[in-house]
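Here is the structure we will look at.
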Amino acid sequence: MNTAHYKFWPARLPHELYYPRVPLYEFVETSARRYPDKEAIIYYGTRISYRELWDAVQSFAAVMIELGVGRGDRVALYLQNTPHFLISFFGVLRAGGVVVPVNPMLTEEELKFILADSGAVAVVTTADIGGRVFNIKKETSVREILVGDYSDYLPADPELPLPFPAQPRRELPAGAGGWLDLLGTSKGSRPSFDVDNGDLAMLPYTSGSTGIPKGCMHSHATIIANVISSAVWHNMVSSSTVLATLPFFHVTGLVHSALAPIYAGGTIVLLSRWEREAAIKAIEKYRCTVWTNITTMVIDLLNHPEITNRDLSSLLIVGGGGAPLPETVGKKLYELTGLKFVEGYGMTETISQTHFNPPDRPKMQCIGIPDFGVDARIIDIDTRKELSTGEEGELVINAPEVMLGYWNRPEETEEAFIEIEGKRFLRTGDICYLDEEGYFFVIDRSKRMINAAGFKVWPAEVEGILYTHPAVAEVCVVGVPDPVRVENVKAFVVLRKEYEGKLTGEEFIAWAKEKMAAYRYPRIIEFVAALPKSGTGKVQWRQLQQMERERVVREGAYWQKG
């Protein structure tokens, strides 16, 4: 195990943590006992105290038991970020069930797969998308559907801009359980049994970008390891106010923007969807101190035309992951706030982070150093031999937050792990290298590499250079088939508004040609209005790459060549 990074470890933090052997829901109970009247959630102006949150969690647990949800039963949460999500999340766990968080943007067909694969017996959703669940219920194992409405918790006079038009309460489909009615009728009927720390708690599904989505089995213990690691690393305390803009169905948003602040007794400022003006106003009004995000959110916020006149002074730490933050964006953030962006790294298989940058010594476009209890190594993809500093290979991880395995997929589970020196390591599939100070850098996913005339081109590196052009708002680089070069490098570019119609593809290619090696610069440029993104805001590069390959086969044509 490499320990070079210990020299740059955050001051006054130990290298190891000991985690409580309790069920995850006890974090809500403990904070409610310590800070009963303190705001746990602020939702567009509605304030929910820790006492109210814990009461609602217990009532929901009672609902689950009354509906016949037993130990180990899976319950899907198919909804946006709302108080319903957090209440049902902890309520399912208190009842001994297993949470299956589901992207609310999934179509009926995609949703049906996850419900069927997980064997979910109940679904919690909201009235705006609940119809999809009812349409496919007969084709799944779902017995119960509980439907909430945004109006259950929205104030009459919202304090922040809403991401959707104000609407009257929707009519519930026949057979649906109304949220507030269910919580009200079950008050007082609480679970009388305990849940073990090692019990299965969550089945978050991988994005499916490398194949069929797979459920990652996480126990209360594996989740707790990352929750406490996040809180400690970010110096979260009961006076912390966390801006929650990442979706909770995704592990990064759930761990850093919900579970960690609840563990610390902090306050969650909850937004149902990303909306730039709402986020800025939330920081100003509620004096948010911590904001975990993804690159696209930071870029959008900093592109606000009046951002230099807005008050972001309460922020103490801003960070995230998903993709490297372009250096020019990081510099702009620092100039505006005095804060260095703290990048991290994690996977659904590790319930979020395994690496963090030290807050006081981060490196740009770097995933940082292994956090508490993480043994991270770089190995040769073919020989599996451990590599030395500076050598590029696959990142493998042994840590307390690593999943137990894939749900009902023993073969995939076996392929996902290797043994090194008697320890079980998760193969991440990410190509990385380690610098002399023990910091890790991700080059790219192993399967995203572009073969340009025999040269290896890593799209993330090219994107980082293209982001330095003043006209670029967003960019995604993919490989497209070429009869001579094997693959060509193509860049999809979203221009800043002031450059629209003022820059040609030839001019952009000529600029890029001066910035990087001949085999790396994009030979094909397409200016687009927007890039396709997942529910978590990540750019869907595979979708663009597949579209290009299909187009080449069909038409044999390109937009702009250089």
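Ordering of the structure tokens sets the chain letters (A, B, ...); residue numbers start at 1 within each chain; ligands are numbered from 1 in the order shown.
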Item to check | Who sits within 10 Å of Glu401 (chain A), only C-alpha atoms, same chain under 4 positions skipped, as a list of chain:residue names | outcome: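 The residues satisfying every condition are A:His218, A:Ser219, A:His220, A:Ala221, A:Thr222, A:Ile223, A:Ile224, A:Ala225, A:Asn226, A:Val227, A:Ser229, A:Glu349, A:Thr350, A:Ile351, A:Ser352, A:Gln353, A:Thr354, A:Gly373, A:Val374, A:Ile397.
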Next on the checklist: Which residues are close to Ile42 (chain A), i.e. within 10 Å by only C-alpha atoms, leaving aside same-chain residues fewer than 2 positions away? Reply as a ChimeraX atom specification.
Outcome noted: /A:39-40,44-49,83,153,159,241,243,267-271,282,286
With C-alpha atoms retained, write the just-selected residues as a PDB file, in the first residue's frame.
```
ATOM      1  CA  GLU A  39     -33.839  22.606  10.755  1.00  0.00           C
ATOM      2  CA  ALA A  40     -32.967  19.336   9.070  1.00  0.00           C
ATOM      3  CA  TYR A  44     -38.056  26.176  -1.033  1.00  0.00           C
ATOM      4  CA  GLY A  45     -38.934  27.822   2.278  1.00  0.00           C
ATOM      5  CA  THR A  46     -40.645  24.931   4.074  1.00  0.00           C
ATOM      6  CA  ARG A  47     -38.659  24.019   7.185  1.00  0.00           C
ATOM      7  CA  ILE A  48     -38.653  20.497   8.622  1.00  0.00           C
ATOM      8  CA  SER A  49     -37.013  20.023  12.011  1.00  0.00           C
ATOM      9  CA  PRO A  83     -38.720  15.509   1.476  1.00  0.00           C
ATOM     10  CA  TYR A 153     -44.208  20.136   1.276  1.00  0.00           C
ATOM     11  CA  GLU A 159     -38.624  31.547  -1.021  1.00  0.00           C
ATOM     12  CA  THR A 241     -25.608  24.197   5.771  1.00  0.00           C
ATOM     13  CA  LEU A 243     -26.747  22.948  -0.700  1.00  0.00           C
ATOM     14  CA  THR A 267     -29.135  21.567   7.527  1.00  0.00           C
ATOM     15  CA  ILE A 268     -29.959  20.460   3.964  1.00  0.00           C
ATOM     16  CA  VAL A 269     -31.135  23.156   1.555  1.00  0.00           C
ATOM     17  CA  LEU A 270     -32.993  20.936  -0.875  1.00  0.00           C
ATOM     18  CA  LEU A 271     -33.615  21.681  -4.556  1.00  0.00           C
ATOM     19  CA  ALA A 282     -30.173  29.573  -1.835  1.00  0.00           C
ATOM     20  CA  TYR A 286     -29.476  30.424   3.737  1.00  0.00           C
TER      21      TYR A 286
END
```
Item to check | Who sits within 6 Å of region 176-182 of chain A, only C-alpha atoms, same chain under 5 positions skipped, as a list in words | outcome: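 Contacts, in chain order: Ile145, Leu146, Val147 and Gly148 of chain A.
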Store the residues picked out above in a file with C-alpha atoms, as a PDB file, in the first residue's frame.
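Okay, this is what ended up in out04.pdb:
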```
ATOM      1  CA  ILE A 145     -47.506   2.199  -4.973  1.00  0.00           C
ATOM      2  CA  LEU A 146     -47.304   5.203  -2.667  1.00  0.00           C
ATOM      3  CA  VAL A 147     -47.751   8.563  -4.360  1.00  0.00           C
ATOM      4  CA  GLY A 148     -46.791  11.966  -3.022  1.00  0.00           C
TER       5      GLY A 148
END
```
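The neighbours of Trp511 (chain A) here are the residues that come within 10 Å of it, using only C-alpha atoms and leaving out any residue fewer than 6 positions away in the same chain; they are Leu466, His469, Gly505 and Tyr521 of chain A.
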Item to check | Closest of A:Ala61, A:Cys366, A:Val237, A:Val75 to Tyr263 (chain A) - atom-to-atom distances counting only C-alpha atoms | outcome: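 Nearest candidate to Tyr263 (chain A) out of A:Ala61, A:Cys366, A:Val237, A:Val75: A:Val237.
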Checklist entry - Could you write out, as a ChimeraX atom specification, all the residues of region 418-473 of chain A that DSSP marks as helix (DSSP H, G or I)? => result /A:446-448,459-466
Item to check | Nearest candidate to Pro359 (chain A) (options A:Ala460, A:Ala201, A:Ala264, A:Leu13; using only C-alpha atoms) | outcome: A:Leu13
Checklist entry - For Pro400 (chain A), which of A:Ile299, A:Ile280, A:Ile381, A:Leu426 is the closest residue, counting only C-alpha atoms? => result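 Answer, going by the shortest atom-to-atom distance: A:Leu426.
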For His250 (chain A), please output as a PDB file with C-alpha atoms, in the first residue's frame all residues within 9 Å (counting only C-alpha atoms; exclusion window: fewer than 6 positions along the same chain).
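Final output, saved to out-v2.pdb:
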```
ATOM      1  CA  PRO A 101     -33.099   4.417  -5.774  1.00  0.00           C
ATOM      2  CA  VAL A 102     -34.283   4.947  -9.348  1.00  0.00           C
ATOM      3  CA  ASN A 103     -33.610   7.774 -11.784  1.00  0.00           C
ATOM      4  CA  PRO A 204     -28.310   1.447  -6.428  1.00  0.00           C
ATOM      5  CA  TYR A 205     -28.027   0.526 -10.098  1.00  0.00           C
ATOM      6  CA  THR A 348     -21.802   3.290  -7.551  1.00  0.00           C
ATOM      7  CA  ILE A 351     -21.319   4.154  -2.747  1.00  0.00           C
ATOM      8  CA  SER A 352     -19.473   7.351  -3.803  1.00  0.00           C
ATOM      9  CA  GLY A 535     -30.141  12.298 -14.850  1.00  0.00           C
ATOM     10  CA  THR A 536     -27.092  13.137 -12.748  1.00  0.00           C
TER      11      THR A 536
END
```
Checklist entry - Leaving out Trp274 (chain A) and any residue of its chain fewer than 3 positions from it, which residues lie within 10 Å of it when counting only C-alpha atoms, given as a ChimeraX atom specification? => result /A:163,244-247,271,277-279,297,536-537
Could you give me the residues within region 192-392 of chain A that DSSP places in strand (DSSP E or B), as a compact mmCIF listing (two decimals) with N, CA and C atoms, in the first residue's frame?
```txt
# COMPACT_ATOMS: atom_id res chain seq x y z
N LEU A 200 -28.39 -5.92 4.25
CA LEU A 200 -28.47 -5.20 2.98
C LEU A 200 -29.34 -3.97 3.15
N ALA A 201 -28.86 -2.83 2.67
CA ALA A 201 -29.59 -1.57 2.85
C ALA A 201 -30.00 -0.93 1.52
N MET A 202 -29.15 -1.02 0.51
CA MET A 202 -29.41 -0.33 -0.76
C MET A 202 -29.02 -1.18 -1.96
N TYR A 205 -28.38 1.16 -8.83
CA TYR A 205 -28.03 0.53 -10.10
C TYR A 205 -26.99 1.36 -10.85
N GLY A 215 -27.43 -4.03 -10.15
CA GLY A 215 -27.66 -3.55 -8.80
C GLY A 215 -26.44 -3.81 -7.93
N CYS A 216 -25.96 -2.77 -7.27
CA CYS A 216 -24.78 -2.88 -6.39
C CYS A 216 -25.26 -3.08 -4.95
N MET A 217 -24.89 -4.20 -4.36
CA MET A 217 -25.37 -4.53 -3.01
C MET A 217 -24.54 -3.80 -1.96
N HIS A 218 -25.21 -2.90 -1.23
CA HIS A 218 -24.56 -2.16 -0.16
C HIS A 218 -25.27 -2.40 1.17
N SER A 219 -24.50 -2.68 2.18
CA SER A 219 -25.04 -2.87 3.52
C SER A 219 -25.06 -1.53 4.25
N THR A 241 -24.43 24.12 6.62
CA THR A 241 -25.61 24.20 5.77
C THR A 241 -25.21 23.74 4.37
N VAL A 242 -25.79 22.65 3.92
CA VAL A 242 -25.37 21.99 2.69
C VAL A 242 -26.38 22.23 1.58
N LEU A 243 -25.90 22.75 0.47
CA LEU A 243 -26.75 22.95 -0.70
C LEU A 243 -26.84 21.64 -1.47
N ALA A 244 -28.04 21.10 -1.58
CA ALA A 244 -28.25 19.80 -2.24
C ALA A 244 -28.82 20.03 -3.63
N THR A 267 -27.90 21.23 8.23
CA THR A 267 -29.14 21.57 7.53
C THR A 267 -28.97 21.34 6.03
N ILE A 268 -29.96 20.71 5.40
CA ILE A 268 -29.96 20.46 3.96
C ILE A 268 -30.88 21.47 3.29
N VAL A 269 -30.32 22.27 2.39
CA VAL A 269 -31.14 23.16 1.55
C VAL A 269 -31.41 22.38 0.27
N LEU A 270 -32.64 21.94 0.13
CA LEU A 270 -32.99 20.94 -0.87
C LEU A 270 -33.64 21.55 -2.11
N VAL A 290 -21.43 24.34 2.32
CA VAL A 290 -20.87 23.22 1.58
C VAL A 290 -21.72 22.97 0.33
N TRP A 291 -21.04 22.82 -0.81
CA TRP A 291 -21.76 22.52 -2.05
C TRP A 291 -20.99 21.46 -2.83
N THR A 292 -21.56 20.26 -2.90
CA THR A 292 -21.00 19.17 -3.71
C THR A 292 -21.79 19.13 -5.01
N ASN A 293 -21.08 19.03 -6.12
CA ASN A 293 -21.74 19.21 -7.41
C ASN A 293 -21.02 18.41 -8.49
N ILE A 294 -21.38 18.66 -9.72
CA ILE A 294 -20.65 18.13 -10.87
C ILE A 294 -20.21 19.30 -11.73
N ILE A 317 -16.49 25.23 1.28
CA ILE A 317 -15.91 24.17 0.47
C ILE A 317 -16.83 23.88 -0.72
N VAL A 318 -16.24 23.82 -1.90
CA VAL A 318 -16.96 23.50 -3.13
C VAL A 318 -16.19 22.38 -3.83
N GLY A 319 -16.87 21.32 -4.14
CA GLY A 319 -16.19 20.20 -4.77
C GLY A 319 -17.16 19.25 -5.43
N GLY A 320 -16.60 18.21 -6.02
CA GLY A 320 -17.45 17.23 -6.68
C GLY A 320 -16.63 16.26 -7.51
N GLY A 321 -17.28 15.67 -8.48
CA GLY A 321 -16.62 14.67 -9.31
C GLY A 321 -17.42 14.42 -10.56
N VAL A 342 -12.49 21.16 -4.95
CA VAL A 342 -12.00 19.91 -4.35
C VAL A 342 -12.63 18.74 -5.09
N GLU A 343 -11.86 18.16 -6.00
CA GLU A 343 -12.37 17.02 -6.77
C GLU A 343 -12.24 15.72 -5.98
N GLY A 344 -13.14 14.81 -6.26
CA GLY A 344 -13.10 13.49 -5.66
C GLY A 344 -13.38 12.44 -6.71
N TYR A 345 -13.42 11.21 -6.27
CA TYR A 345 -13.65 10.11 -7.20
C TYR A 345 -14.38 9.00 -6.47
N GLY A 346 -15.30 8.39 -7.17
CA GLY A 346 -16.01 7.25 -6.60
C GLY A 346 -16.86 6.58 -7.66
N MET A 347 -17.56 5.54 -7.26
CA MET A 347 -18.39 4.76 -8.16
C MET A 347 -19.65 4.33 -7.44
N SER A 352 -20.09 6.03 -3.66
CA SER A 352 -19.47 7.35 -3.80
C SER A 352 -17.98 7.26 -3.55
N GLN A 353 -17.40 8.21 -2.83
CA GLN A 353 -15.97 8.45 -2.90
C GLN A 353 -15.07 7.36 -2.33
N THR A 354 -13.93 7.22 -3.01
CA THR A 354 -12.78 6.47 -2.47
C THR A 354 -11.57 7.40 -2.42
N HIS A 355 -11.64 8.48 -3.19
CA HIS A 355 -10.55 9.46 -3.25
C HIS A 355 -11.12 10.87 -3.06
N PHE A 356 -10.33 11.69 -2.37
CA PHE A 356 -10.63 13.11 -2.21
C PHE A 356 -9.34 13.89 -2.40
N GLY A 368 -7.38 13.18 -6.49
CA GLY A 368 -6.91 13.32 -5.12
C GLY A 368 -6.19 12.10 -4.59
N ILE A 369 -6.34 11.89 -3.30
CA ILE A 369 -5.64 10.80 -2.61
C ILE A 369 -6.66 9.86 -1.99
N PRO A 370 -6.28 8.61 -1.72
CA PRO A 370 -7.22 7.67 -1.09
C PRO A 370 -7.65 8.19 0.28
N ASP A 375 -7.17 1.33 0.26
CA ASP A 375 -5.94 0.85 -0.36
C ASP A 375 -6.17 0.87 -1.87
N ALA A 376 -5.59 1.87 -2.55
CA ALA A 376 -5.78 2.03 -3.99
C ALA A 376 -4.47 1.79 -4.71
N ARG A 377 -4.52 1.01 -5.78
CA ARG A 377 -3.31 0.68 -6.51
C ARG A 377 -3.56 0.77 -8.02
N ILE A 378 -2.48 0.87 -8.78
CA ILE A 378 -2.54 0.89 -10.24
C ILE A 378 -1.92 -0.40 -10.74
N ILE A 379 -2.64 -1.13 -11.59
CA ILE A 379 -2.12 -2.39 -12.10
C ILE A 379 -2.14 -2.40 -13.62
N GLU A 386 1.33 -4.82 -10.29
CA GLU A 386 1.23 -3.48 -9.74
C GLU A 386 2.29 -2.59 -10.38
```
Next on the checklist: Would you compute the distance between CA of Gly265 (chain A) and CA of Arg33 (chain A)? Give it in Å to one decimal.
Outcome noted: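 For CA of Gly265 (chain A) relative to CA of Arg33 (chain A), the distance reads 10.1 Å.
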Next on the checklist: Quick one: residues within 12 Å of Ala471 (chain A), only C-alpha atoms, excluding same-chain residues fewer than 2 positions away - as an MDAnalysis selection string?
Outcome noted: chainID A and resid 303 466:469 473:475 493:504 507:508 511 527
Those residues you just picked out, can you put them in a file as a JSON list (two decimals), in the first residue's frame with N, CA and C atoms?
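Result file is result.json:
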```
[["chain", "number", "residue", "atom", "x", "y", "z"],
["A", 303, "ASN", "N", -21.24, 30.93, -15.37],
["A", 303, "ASN", "CA", -21.63, 31.60, -16.61],
["A", 303, "ASN", "C", -22.80, 32.58, -16.40],
["A", 466, "LEU", "N", -9.45, 21.96, -24.97],
["A", 466, "LEU", "CA", -10.48, 22.70, -25.71],
["A", 466, "LEU", "C", -11.23, 23.68, -24.82],
["A", 467, "TYR", "N", -11.36, 23.34, -23.53],
["A", 467, "TYR", "CA", -12.06, 24.23, -22.60],
["A", 467, "TYR", "C", -11.32, 25.56, -22.39],
["A", 468, "THR", "N", -10.04, 25.62, -22.78],
["A", 468, "THR", "CA", -9.30, 26.87, -22.61],
["A", 468, "THR", "C", -9.65, 27.89, -23.69],
["A", 469, "HIS", "N", -10.35, 27.46, -24.75],
["A", 469, "HIS", "CA", -10.78, 28.41, -25.78],
["A", 469, "HIS", "C", -11.91, 29.26, -25.21],
["A", 473, "ALA", "N", -18.33, 26.76, -24.09],
["A", 473, "ALA", "CA", -19.11, 26.62, -22.86],
["A", 473, "ALA", "C", -19.06, 25.18, -22.38],
["A", 474, "GLU", "N", -19.26, 24.23, -23.31],
["A", 474, "GLU", "CA", -19.18, 22.81, -22.99],
["A", 474, "GLU", "C", -18.62, 22.07, -24.21],
["A", 475, "VAL", "N", -17.99, 20.93, -23.95],
["A", 475, "VAL", "CA", -17.43, 20.16, -25.06],
["A", 475, "VAL", "C", -17.40, 18.68, -24.69],
["A", 493, "VAL", "N", -19.24, 20.77, -29.68],
["A", 493, "VAL", "CA", -18.95, 21.99, -28.95],
["A", 493, "VAL", "C", -20.21, 22.84, -28.77],
["A", 494, "VAL", "N", -20.45, 23.23, -27.52],
["A", 494, "VAL", "CA", -21.51, 24.20, -27.21],
["A", 494, "VAL", "C", -20.82, 25.55, -27.03],
["A", 495, "LEU", "N", -21.16, 26.51, -27.86],
["A", 495, "LEU", "CA", -20.53, 27.82, -27.80],
["A", 495, "LEU", "C", -21.22, 28.73, -26.79],
["A", 496, "ARG", "N", -20.43, 29.60, -26.20],
["A", 496, "ARG", "CA", -21.02, 30.66, -25.39],
["A", 496, "ARG", "C", -21.84, 31.57, -26.30],
["A", 497, "LYS", "N", -22.90, 32.14, -25.76],
["A", 497, "LYS", "CA", -23.84, 32.89, -26.60],
["A", 497, "LYS", "C", -23.17, 33.99, -27.40],
["A", 498, "GLU", "N", -22.18, 34.68, -26.79],
["A", 498, "GLU", "CA", -21.57, 35.80, -27.49],
["A", 498, "GLU", "C", -20.71, 35.37, -28.68],
["A", 499, "TYR", "N", -20.43, 34.05, -28.80],
["A", 499, "TYR", "CA", -19.63, 33.56, -29.92],
["A", 499, "TYR", "C", -20.45, 32.83, -30.97],
["A", 500, "GLU", "N", -21.75, 32.66, -30.72],
["A", 500, "GLU", "CA", -22.58, 31.93, -31.66],
["A", 500, "GLU", "C", -22.61, 32.63, -33.01],
["A", 501, "GLY", "N", -22.32, 31.87, -34.07],
["A", 501, "GLY", "CA", -22.32, 32.42, -35.42],
["A", 501, "GLY", "C", -21.08, 33.22, -35.77],
["A", 502, "LYS", "N", -20.12, 33.30, -34.84],
["A", 502, "LYS", "CA", -18.92, 34.10, -35.07],
["A", 502, "LYS", "C", -17.65, 33.25, -35.18],
["A", 503, "LEU", "N", -17.80, 31.95, -35.03],
["A", 503, "LEU", "CA", -16.64, 31.06, -35.08],
["A", 503, "LEU", "C", -16.97, 29.90, -36.01],
["A", 504, "THR", "N", -16.07, 29.62, -36.95],
["A", 504, "THR", "CA", -16.29, 28.50, -37.87],
["A", 504, "THR", "C", -15.54, 27.27, -37.40],
["A", 507, "GLU", "N", -11.83, 27.50, -38.21],
["A", 507, "GLU", "CA", -11.08, 28.35, -37.28],
["A", 507, "GLU", "C", -10.81, 27.62, -35.97],
["A", 508, "PHE", "N", -11.81, 26.89, -35.51],
["A", 508, "PHE", "CA", -11.63, 26.17, -34.24],
["A", 508, "PHE", "C", -10.61, 25.06, -34.39],
["A", 511, "TRP", "N", -7.15, 26.49, -34.43],
["A", 511, "TRP", "CA", -6.72, 26.86, -33.06],
["A", 511, "TRP", "C", -6.28, 25.62, -32.30],
["A", 527, "PHE", "N", -20.82, 22.08, -33.95],
["A", 527, "PHE", "CA", -21.37, 23.00, -32.96],
["A", 527, "PHE", "C", -22.81, 22.58, -32.68]]
```
Item to check | For CA of Asn197 (chain A) and CA of Arg21 (chain A), the interatomic separation in Å (one decimal) | outcome: 5.5 Å
Item to check | Point-to-point distance from CA of Trp9 (chain A) to CA of Glu437 (chain A), Å rounded to tenths | outcome: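 So the answer is 10.7 Å.
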Item to check | Nearest residue to Arg542 (chain A) from the set A:Pro470, A:Pro459, A:Pro23, A:Gly464 (distances using only C-alpha atoms) | outcome: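 Under the stated criterion, the closest residue is A:Pro459.
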